[in-house]
Amino acid sequence: MRMEKTDQELVPDHEFPSIWYLLSNVIPVEAERTHFINWIATIFNTRKKMRTSFVFKGVQGAGKNVLFQHVIASLLGRAQCRVVKNEDLIERFNPWMRRAFSFM
């Protein structure tokens, strides 16, 4: 997020094949995977907070935690990426959100 924007176009399965393989396992539907890649790209291109989120649900061992901890957290910054429990979301005051991105 600290790098300057460029007009460089990346081809995911050639530029980062291991991450692409992981994404293909976590998000097997190609249209959904493309939507996720575009969602991440929009964050980097606009430097604005998205008003949507992805929820990953699937079988154990699919790679959801690996994707989150090693790819998404590395891209967006570990302080901005939190794993929360359902009960944490119910509370009115959410201290885990203190360091969330503020792009506005």
# chains A, B, ... in the order shown; residues from 1 in each chain; ligands from 1
>>> residues_around(residues="stretch 20-25 of chain A", least_positions_apart="4", cutoff="7 Å", atoms="only C-alpha atoms", output="list in words")
Pro12, Asp13, Phe16, Ala62 and Gly63 of chain A
>>> write_last_selection(atoms="C-alpha atoms", output="CSV table (one decimal), in the first residue's frame")
chain,number,residue,atom,x,y,z
A,12,PRO,CA,-2.2,-13.7,-12.0
A,13,ASP,CA,-1.5,-17.3,-13.1
A,16,PHE,CA,2.2,-15.3,-8.9
A,62,ALA,CA,-8.9,-25.5,1.8
A,63,GLY,CA,-6.4,-22.7,2.6
>>> closest_residue(among="A:Lys48, A:Ile43, A:Lys5, A:Val26", to="A:Asn65", atoms="only C-alpha atoms")
A:Val26
>>> closest_residue(among="A:Cys81, A:His14, A:His35, A:Leu76", to="A:Arg47", atoms="only C-alpha atoms")
A:Leu76
>>> residues_around(residues="A:Ala73", least_positions_apart="6", cutoff="12 Å", atoms="only C-alpha atoms", output="PyMOL selection string")
chain A and resi 1+40+65-67+79-83
>>> atom_distance(atom1="atom CA of A:Leu75", atom2="atom CA of A:Asp7")
18.2 Å
>>> atom_distance(atom1="atom CA of A:Phe54", atom2="atom CA of A:Asn38")
12.2 Å
>>> residues_around(residues="A:Trp39", least_positions_apart="4", cutoff="10 Å", atoms="only C-alpha atoms", output="list in words")
Arg33, Thr34, His35, Ile43, Phe44, Asn45, Met50, Thr52, Ser53 and Phe54 of chain A
>>> write_last_selection(atoms="N, CA and C atoms", output="CSV table (one decimal), in the first residue's frame")
chain,number,residue,atom,x,y,z
A,33,ARG,N,-13.6,-15.8,-8.2
A,33,ARG,CA,-12.2,-15.5,-8.0
A,33,ARG,C,-11.8,-14.2,-8.7
A,34,THR,N,-12.3,-14.0,-9.9
A,34,THR,CA,-12.0,-12.8,-10.7
A,34,THR,C,-12.6,-11.6,-10.0
A,35,HIS,N,-13.8,-11.7,-9.4
A,35,HIS,CA,-14.4,-10.6,-8.6
A,35,HIS,C,-13.5,-10.3,-7.4
A,43,ILE,N,-9.0,-1.7,-4.2
A,43,ILE,CA,-8.4,-1.1,-3.0
A,43,ILE,C,-7.1,-0.4,-3.3
A,44,PHE,N,-6.2,-1.1,-4.0
A,44,PHE,CA,-4.9,-0.6,-4.4
A,44,PHE,C,-4.9,0.6,-5.3
A,45,ASN,N,-5.8,0.5,-6.3
A,45,ASN,CA,-5.9,1.6,-7.3
A,45,ASN,C,-6.6,2.8,-6.8
A,50,MET,N,-13.3,-0.1,1.0
A,50,MET,CA,-14.4,-0.7,0.3
A,50,MET,C,-15.5,-0.8,1.3
A,52,THR,N,-17.7,-3.2,1.1
A,52,THR,CA,-18.1,-4.6,1.0
A,52,THR,C,-17.0,-5.4,1.6
A,53,SER,N,-17.3,-6.7,1.8
A,53,SER,CA,-16.3,-7.6,2.3
A,53,SER,C,-16.5,-9.0,1.8
A,54,PHE,N,-15.5,-9.8,1.8
A,54,PHE,CA,-15.7,-11.2,1.4
A,54,PHE,C,-15.7,-12.1,2.7
>>> closest_residue(among="A:Ile72, A:Lys64, A:Thr46, A:Gly77", to="A:Thr6", atoms="only C-alpha atoms")
A:Thr46
>>> select_by_dssp(residues="stretch 5-90 of chain A", states="helix (DSSP H, G or I)", output="PDB file with N, CA and C atoms, in the first residue's frame")
ATOM      1  N   PRO A  12      -2.362 -12.972 -13.242  1.00  0.00           N
ATOM      2  CA  PRO A  12      -2.188 -13.699 -11.980  1.00  0.00           C
ATOM      3  C   PRO A  12      -1.576 -15.084 -12.100  1.00  0.00           C
ATOM      4  N   ASP A  13      -2.044 -15.914 -13.029  1.00  0.00           N
ATOM      5  CA  ASP A  13      -1.527 -17.284 -13.074  1.00  0.00           C
ATOM      6  C   ASP A  13      -0.091 -17.356 -13.587  1.00  0.00           C
ATOM      7  N   HIS A  14       0.419 -16.278 -14.184  1.00  0.00           N
ATOM      8  CA  HIS A  14       1.822 -16.239 -14.619  1.00  0.00           C
ATOM      9  C   HIS A  14       2.709 -15.462 -13.642  1.00  0.00           C
ATOM     10  N   GLU A  15       2.180 -14.382 -13.102  1.00  0.00           N
ATOM     11  CA  GLU A  15       2.976 -13.509 -12.225  1.00  0.00           C
ATOM     12  C   GLU A  15       3.136 -14.069 -10.817  1.00  0.00           C
ATOM     13  N   PRO A  17       2.002 -17.644  -9.536  1.00  0.00           N
ATOM     14  CA  PRO A  17       1.298 -18.928  -9.693  1.00  0.00           C
ATOM     15  C   PRO A  17       0.938 -19.616  -8.378  1.00  0.00           C
ATOM     16  N   SER A  18       1.766 -19.504  -7.351  1.00  0.00           N
ATOM     17  CA  SER A  18       1.447 -20.167  -6.076  1.00  0.00           C
ATOM     18  C   SER A  18       0.224 -19.539  -5.423  1.00  0.00           C
ATOM     19  N   ILE A  19       0.163 -18.225  -5.449  1.00  0.00           N
ATOM     20  CA  ILE A  19      -0.994 -17.530  -4.873  1.00  0.00           C
ATOM     21  C   ILE A  19      -2.231 -17.823  -5.711  1.00  0.00           C
ATOM     22  N   TRP A  20      -2.062 -17.867  -7.030  1.00  0.00           N
ATOM     23  CA  TRP A  20      -3.189 -18.180  -7.901  1.00  0.00           C
ATOM     24  C   TRP A  20      -3.732 -19.585  -7.635  1.00  0.00           C
ATOM     25  N   TYR A  21      -2.826 -20.532  -7.413  1.00  0.00           N
ATOM     26  CA  TYR A  21      -3.237 -21.905  -7.099  1.00  0.00           C
ATOM     27  C   TYR A  21      -4.017 -21.929  -5.780  1.00  0.00           C
ATOM     28  N   LEU A  22      -3.521 -21.194  -4.781  1.00  0.00           N
ATOM     29  CA  LEU A  22      -4.207 -21.100  -3.492  1.00  0.00           C
ATOM     30  C   LEU A  22      -5.585 -20.473  -3.668  1.00  0.00           C
ATOM     31  N   LEU A  23      -5.657 -19.373  -4.414  1.00  0.00           N
ATOM     32  CA  LEU A  23      -6.943 -18.733  -4.679  1.00  0.00           C
ATOM     33  C   LEU A  23      -7.898 -19.679  -5.397  1.00  0.00           C
ATOM     34  N   SER A  24      -7.371 -20.451  -6.328  1.00  0.00           N
ATOM     35  CA  SER A  24      -8.203 -21.397  -7.073  1.00  0.00           C
ATOM     36  C   SER A  24      -8.773 -22.470  -6.156  1.00  0.00           C
ATOM     37  N   ASN A  25      -8.046 -22.809  -5.116  1.00  0.00           N
ATOM     38  CA  ASN A  25      -8.515 -23.797  -4.157  1.00  0.00           C
ATOM     39  C   ASN A  25      -9.552 -23.206  -3.208  1.00  0.00           C
ATOM     40  N   VAL A  26      -9.313 -21.982  -2.755  1.00  0.00           N
ATOM     41  CA  VAL A  26     -10.223 -21.335  -1.806  1.00  0.00           C
ATOM     42  C   VAL A  26     -11.477 -20.828  -2.517  1.00  0.00           C
ATOM     43  N   GLU A  30     -14.520 -19.527 -11.062  1.00  0.00           N
ATOM     44  CA  GLU A  30     -13.666 -18.533 -11.724  1.00  0.00           C
ATOM     45  C   GLU A  30     -14.233 -17.118 -11.664  1.00  0.00           C
ATOM     46  N   ALA A  31     -15.524 -16.953 -11.856  1.00  0.00           N
ATOM     47  CA  ALA A  31     -16.132 -15.618 -11.821  1.00  0.00           C
ATOM     48  C   ALA A  31     -15.994 -14.989 -10.430  1.00  0.00           C
ATOM     49  N   GLU A  32     -16.157 -15.786  -9.399  1.00  0.00           N
ATOM     50  CA  GLU A  32     -16.006 -15.287  -8.030  1.00  0.00           C
ATOM     51  C   GLU A  32     -14.550 -14.937  -7.730  1.00  0.00           C
ATOM     52  N   ARG A  33     -13.636 -15.762  -8.221  1.00  0.00           N
ATOM     53  CA  ARG A  33     -12.200 -15.512  -8.038  1.00  0.00           C
ATOM     54  C   ARG A  33     -11.800 -14.211  -8.735  1.00  0.00           C
ATOM     55  N   THR A  34     -12.288 -14.009  -9.947  1.00  0.00           N
ATOM     56  CA  THR A  34     -12.005 -12.779 -10.694  1.00  0.00           C
ATOM     57  C   THR A  34     -12.575 -11.571  -9.958  1.00  0.00           C
ATOM     58  N   HIS A  35     -13.761 -11.733  -9.404  1.00  0.00           N
ATOM     59  CA  HIS A  35     -14.369 -10.642  -8.634  1.00  0.00           C
ATOM     60  C   HIS A  35     -13.507 -10.295  -7.423  1.00  0.00           C
ATOM     61  N   PHE A  36     -12.988 -11.293  -6.739  1.00  0.00           N
ATOM     62  CA  PHE A  36     -12.125 -11.056  -5.578  1.00  0.00           C
ATOM     63  C   PHE A  36     -10.840 -10.328  -5.988  1.00  0.00           C
ATOM     64  N   ILE A  37     -10.210 -10.765  -7.073  1.00  0.00           N
ATOM     65  CA  ILE A  37      -8.990 -10.116  -7.558  1.00  0.00           C
ATOM     66  C   ILE A  37      -9.276  -8.652  -7.908  1.00  0.00           C
ATOM     67  N   ASN A  38     -10.399  -8.409  -8.562  1.00  0.00           N
ATOM     68  CA  ASN A  38     -10.764  -7.033  -8.910  1.00  0.00           C
ATOM     69  C   ASN A  38     -11.067  -6.196  -7.669  1.00  0.00           C
ATOM     70  N   TRP A  39     -11.631  -6.824  -6.656  1.00  0.00           N
ATOM     71  CA  TRP A  39     -11.925  -6.141  -5.399  1.00  0.00           C
ATOM     72  C   TRP A  39     -10.623  -5.676  -4.729  1.00  0.00           C
ATOM     73  N   ILE A  40      -9.647  -6.591  -4.658  1.00  0.00           N
ATOM     74  CA  ILE A  40      -8.341  -6.236  -4.086  1.00  0.00           C
ATOM     75  C   ILE A  40      -7.672  -5.154  -4.932  1.00  0.00           C
ATOM     76  N   ALA A  41      -7.741  -5.297  -6.257  1.00  0.00           N
ATOM     77  CA  ALA A  41      -7.133  -4.315  -7.156  1.00  0.00           C
ATOM     78  C   ALA A  41      -7.757  -2.935  -6.974  1.00  0.00           C
ATOM     79  N   THR A  42      -9.057  -2.896  -6.743  1.00  0.00           N
ATOM     80  CA  THR A  42      -9.734  -1.614  -6.530  1.00  0.00           C
ATOM     81  C   THR A  42      -9.215  -0.922  -5.281  1.00  0.00           C
ATOM     82  N   ILE A  43      -8.959  -1.680  -4.234  1.00  0.00           N
ATOM     83  CA  ILE A  43      -8.406  -1.101  -3.007  1.00  0.00           C
ATOM     84  C   ILE A  43      -7.061  -0.450  -3.301  1.00  0.00           C
ATOM     85  N   PHE A  44      -6.207  -1.137  -4.047  1.00  0.00           N
ATOM     86  CA  PHE A  44      -4.890  -0.600  -4.357  1.00  0.00           C
ATOM     87  C   PHE A  44      -4.945   0.562  -5.335  1.00  0.00           C
ATOM     88  N   ASN A  45      -5.835   0.500  -6.300  1.00  0.00           N
ATOM     89  CA  ASN A  45      -5.916   1.550  -7.314  1.00  0.00           C
ATOM     90  C   ASN A  45      -6.567   2.823  -6.816  1.00  0.00           C
ATOM     91  N   THR A  46      -7.577   2.700  -5.962  1.00  0.00           N
ATOM     92  CA  THR A  46      -8.298   3.889  -5.494  1.00  0.00           C
ATOM     93  C   THR A  46      -7.809   4.382  -4.139  1.00  0.00           C
ATOM     94  N   LYS A  64      -8.031 -21.261   3.600  1.00  0.00           N
ATOM     95  CA  LYS A  64      -8.598 -19.953   3.950  1.00  0.00           C
ATOM     96  C   LYS A  64      -7.668 -19.180   4.880  1.00  0.00           C
ATOM     97  N   ASN A  65      -7.171 -19.818   5.918  1.00  0.00           N
ATOM     98  CA  ASN A  65      -6.254 -19.148   6.852  1.00  0.00           C
ATOM     99  C   ASN A  65      -4.937 -18.778   6.180  1.00  0.00           C
ATOM    100  N   VAL A  66      -4.418 -19.655   5.353  1.00  0.00           N
ATOM    101  CA  VAL A  66      -3.162 -19.372   4.639  1.00  0.00           C
ATOM    102  C   VAL A  66      -3.352 -18.153   3.752  1.00  0.00           C
ATOM    103  N   LEU A  67      -4.462 -18.099   3.024  1.00  0.00           N
ATOM    104  CA  LEU A  67      -4.749 -16.956   2.164  1.00  0.00           C
ATOM    105  C   LEU A  67      -4.815 -15.680   2.992  1.00  0.00           C
ATOM    106  N   PHE A  68      -5.521 -15.732   4.097  1.00  0.00           N
ATOM    107  CA  PHE A  68      -5.681 -14.540   4.926  1.00  0.00           C
ATOM    108  C   PHE A  68      -4.364 -14.113   5.577  1.00  0.00           C
ATOM    109  N   GLN A  69      -3.694 -15.034   6.260  1.00  0.00           N
ATOM    110  CA  GLN A  69      -2.512 -14.691   7.038  1.00  0.00           C
ATOM    111  C   GLN A  69      -1.295 -14.360   6.191  1.00  0.00           C
ATOM    112  N   HIS A  70      -1.111 -15.070   5.087  1.00  0.00           N
ATOM    113  CA  HIS A  70       0.120 -14.908   4.329  1.00  0.00           C
ATOM    114  C   HIS A  70      -0.014 -14.061   3.071  1.00  0.00           C
ATOM    115  N   VAL A  71      -1.217 -13.898   2.573  1.00  0.00           N
ATOM    116  CA  VAL A  71      -1.390 -13.116   1.352  1.00  0.00           C
ATOM    117  C   VAL A  71      -2.098 -11.795   1.658  1.00  0.00           C
ATOM    118  N   ILE A  72      -3.326 -11.866   2.130  1.00  0.00           N
ATOM    119  CA  ILE A  72      -4.106 -10.649   2.345  1.00  0.00           C
ATOM    120  C   ILE A  72      -3.486  -9.765   3.423  1.00  0.00           C
ATOM    121  N   ALA A  73      -3.088 -10.350   4.550  1.00  0.00           N
ATOM    122  CA  ALA A  73      -2.472  -9.559   5.617  1.00  0.00           C
ATOM    123  C   ALA A  73      -1.145  -8.955   5.168  1.00  0.00           C
ATOM    124  N   SER A  74      -0.407  -9.658   4.335  1.00  0.00           N
ATOM    125  CA  SER A  74       0.849  -9.115   3.821  1.00  0.00           C
ATOM    126  C   SER A  74       0.599  -7.948   2.870  1.00  0.00           C
ATOM    127  N   LEU A  75      -0.446  -8.048   2.081  1.00  0.00           N
ATOM    128  CA  LEU A  75      -0.765  -6.974   1.138  1.00  0.00           C
ATOM    129  C   LEU A  75      -1.310  -5.731   1.834  1.00  0.00           C
ATOM    130  N   LEU A  76      -2.234  -5.912   2.743  1.00  0.00           N
ATOM    131  CA  LEU A  76      -2.926  -4.782   3.352  1.00  0.00           C
ATOM    132  C   LEU A  76      -2.307  -4.316   4.662  1.00  0.00           C
ATOM    133  N   ARG A  78      -0.653  -6.152   8.482  1.00  0.00           N
ATOM    134  CA  ARG A  78      -1.151  -7.032   9.544  1.00  0.00           C
ATOM    135  C   ARG A  78      -2.039  -6.300  10.551  1.00  0.00           C
ATOM    136  N   ALA A  79      -1.755  -5.022  10.800  1.00  0.00           N
ATOM    137  CA  ALA A  79      -2.555  -4.270  11.771  1.00  0.00           C
ATOM    138  C   ALA A  79      -3.985  -4.060  11.282  1.00  0.00           C
ATOM    139  N   GLN A  80      -4.197  -4.074   9.970  1.00  0.00           N
ATOM    140  CA  GLN A  80      -5.522  -3.858   9.415  1.00  0.00           C
ATOM    141  C   GLN A  80      -6.308  -5.154   9.246  1.00  0.00           C
ATOM    142  N   ASN A  86     -17.771 -14.367  15.962  1.00  0.00           N
ATOM    143  CA  ASN A  86     -19.137 -13.851  15.811  1.00  0.00           C
ATOM    144  C   ASN A  86     -19.548 -12.988  16.989  1.00  0.00           C
ATOM    145  N   GLU A  87     -19.222 -13.417  18.196  1.00  0.00           N
ATOM    146  CA  GLU A  87     -19.623 -12.643  19.376  1.00  0.00           C
ATOM    147  C   GLU A  87     -18.947 -11.281  19.437  1.00  0.00           C
ATOM    148  N   ASP A  88     -17.760 -11.141  18.826  1.00  0.00           N
ATOM    149  CA  ASP A  88     -17.090  -9.838  18.774  1.00  0.00           C
ATOM    150  C   ASP A  88     -17.851  -8.854  17.895  1.00  0.00           C
ATOM    151  N   LEU A  89     -18.524  -9.353  16.888  1.00  0.00           N
ATOM    152  CA  LEU A  89     -19.262  -8.491  15.965  1.00  0.00           C
ATOM    153  C   LEU A  89     -20.578  -8.001  16.550  1.00  0.00           C
ATOM    154  N   ILE A  90     -21.093  -8.707  17.545  1.00  0.00           N
ATOM    155  CA  ILE A  90     -22.378  -8.348  18.141  1.00  0.00           C
ATOM    156  C   ILE A  90     -22.247  -7.141  19.052  1.00  0.00           C
TER     157      ILE A  90
END
